[in-house]
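Take a look at the structure set out below.
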Amino acid sequence: MARSAATASDDRVERFGGRLGRFVSVPFERRTYLSLAYLLLAFPLGLAYFLFVTIGVSLGLGLAVVLVGIPILAFTLAVGLALAGFERWLTSTMLEPEIEPRTELSGERRRDQFVSLVTDHKTWSSLLYLPAKFVIGLAGFVLATTGLSTSLSMLVLPLYYDRPGLYVGLVPDRAPEISQTLYLGWNYLLVGFDAVFTFGHWKITTLPRALVAAGVGLLLLLVTLHVLNALARVSGWFARVMLEGGYDPFAVVRRSL
């Protein structure tokens with residue numbers, strides 16, 4: 001019985017050590033930097049995709065009455081599918097999920113193939129993925145720039161904490177305040193409650209405080225990298241859901257080369 005309890009305790013310690021090791025080793029994993037690069041690329045790419053799709057679709061629909069918009073819509077669809085194919089390749093290369101495209105259209109005649117293309121829901125989910133990536137890219141860019149810059153600046157704080165005129169974070173002229181107000185009417189009385197929360201800043205003037213701040217910065221860095229990895233995994237899952245099975249002219253060209 002005592003041996004079983006000791007074995008269970010050793011297993012718990014081993015599991016905890018494994019989790020702690022995975023948590024601490026995240027800066028040394030290749031996947032971390034691939035995820036970071038993927039998310040940082042997602043912001044400019046997502047912005048370009050968003051502008052291209054919104055301008056192409058709105059311009060094509062607006063000019064469709066005079067028939068000029070139909071070629072614009074066809075061009076937007078063709079380029080959009082090629083860009084979606086590039087996204088399949090990029091996601092499969094930098095992240096884990098393998099996204100299989102569709103490289104053949106059903107039907108022997110061009111008309112039947114075109115009908116098969118425009119009636120396939122994966123065609124439109126692939127096109128919709130392009131502007132949606134802007135949201136993912138924006139979230140990743142904000143998280144990466146804010147979290148990494150703050151954690152790294154805190155991590156190296158012991159090197160410059162005693163230098164005048166250097167600040168880390170937001171240091172306003174006065175401490176920011178958040179006011180919460182609640183008023184309730186009771187008969188002829190107005191009962192109110194005010195709560196004011198004041199946030200100050202932590203002034204670091206000694207080496208022990210700087211070392212504590214560096215420890216907090218290291219913890220923040222590890223947490224930020226794990227959150228970025230999780231966001232990259234969600235992005236890969238979303239790309240697989242939206243892009244898998246869609247027609248990919250990019251893959252057709254690559255296979256023919």
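Residue names in the structure tokens use chain letters A, B, ... in the order shown, residue numbers from 1 in each chain, and ligand numbers from 1 in the order shown.
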Which stretch 131-155 of chain A residues have any atom within 12 Å of an atom of stretch 234-253 of chain A, and for each, what is the nearest pair of atoms with distance in Å to one decimal, counting only C-alpha atoms, rows sorted by chain and number, as a tab-separated table?
```
residue	atom	partner	partner_atom	distance
A:Ala132	CA	A:Phe238	CA	9.9
A:Lys133	CA	A:Ser235	CA	8.5
A:Phe134	CA	A:Ser235	CA	11.3
A:Val135	CA	A:Ser235	CA	10.4
A:Ile136	CA	A:Ser235	CA	7.1
A:Gly137	CA	A:Ser235	CA	9.4
A:Ala139	CA	A:Ser235	CA	10.9
A:Gly140	CA	A:Ser235	CA	9.9
```
If you take only C-alpha atoms and a cut-off of 10 Å, which residues of stretch 120-168 of chain A touch stretch 52-76 of chain A, and what are their nearest atom pairs and distances in Å to one decimal, in chain and number order, as JSON lines?
```
{"residue": "A:Leu127", "atom": "CA", "partner": "A:Val53", "partner_atom": "CA", "distance": 7.9}
{"residue": "A:Leu128", "atom": "CA", "partner": "A:Val53", "partner_atom": "CA", "distance": 8.6}
{"residue": "A:Leu130", "atom": "CA", "partner": "A:Val53", "partner_atom": "CA", "distance": 7.6}
{"residue": "A:Pro131", "atom": "CA", "partner": "A:Val53", "partner_atom": "CA", "distance": 6.9}
```
Write the residues you've just listed into a file as a compact mmCIF listing (two decimals), in the first residue's frame, and include N, CA, C and O atoms for each of them.
```
# COMPACT_ATOMS: atom_id res chain seq x y z
N LEU A 127 -12.68 32.01 -50.26
CA LEU A 127 -12.66 33.45 -50.52
C LEU A 127 -12.94 34.23 -49.24
O LEU A 127 -12.34 35.29 -49.01
N LEU A 128 -13.83 33.72 -48.41
CA LEU A 128 -14.15 34.39 -47.15
C LEU A 128 -12.99 34.34 -46.17
O LEU A 128 -12.84 35.24 -45.33
N LEU A 130 -9.92 34.90 -46.73
CA LEU A 130 -8.92 35.92 -46.98
C LEU A 130 -9.14 37.18 -46.14
O LEU A 130 -8.22 37.62 -45.44
N PRO A 131 -10.32 37.82 -46.17
CA PRO A 131 -10.50 38.98 -45.30
C PRO A 131 -10.54 38.60 -43.82
O PRO A 131 -10.18 39.41 -42.96
```
- Query: Where in stretch 24-250 of chain A does DSSP assign helix (DSSP H, G or I), given as a ChimeraX atom specification?
  - Reply: /A:24,26-28,30-62,64-66,69-94,110-118,121-155,157-159,207-243,249-250
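When only C-alpha atoms are used to measure the gap to A:Leu105, the shortest distance among A:Asp162, A:Glu87, A:Glu29, A:Asp120 belongs to A:Asp120.
Near A:Ala230, within 12 Å and counting only C-alpha atoms, sit Val26, Arg31, Thr32, Ser35, Leu36, Leu39, Leu95, Gly140, Leu143, Val223, Thr224, Leu225, His226, Val227, Arg233, Val234, Ser235, Gly236 and Trp237 of chain A, not including residues fewer than 3 positions from it in the same chain.
Using only C-alpha atoms, the shortest contact distance between A:Val142 and any of A:Leu40, A:Leu51, A:Ile204, A:Leu117 is found at A:Leu40.
Of the listed residues (A:Pro158, A:Lys122, A:Met94, A:Val212), A:Met94 comes nearest to A:Arg30; the distances count only C-alpha atoms.
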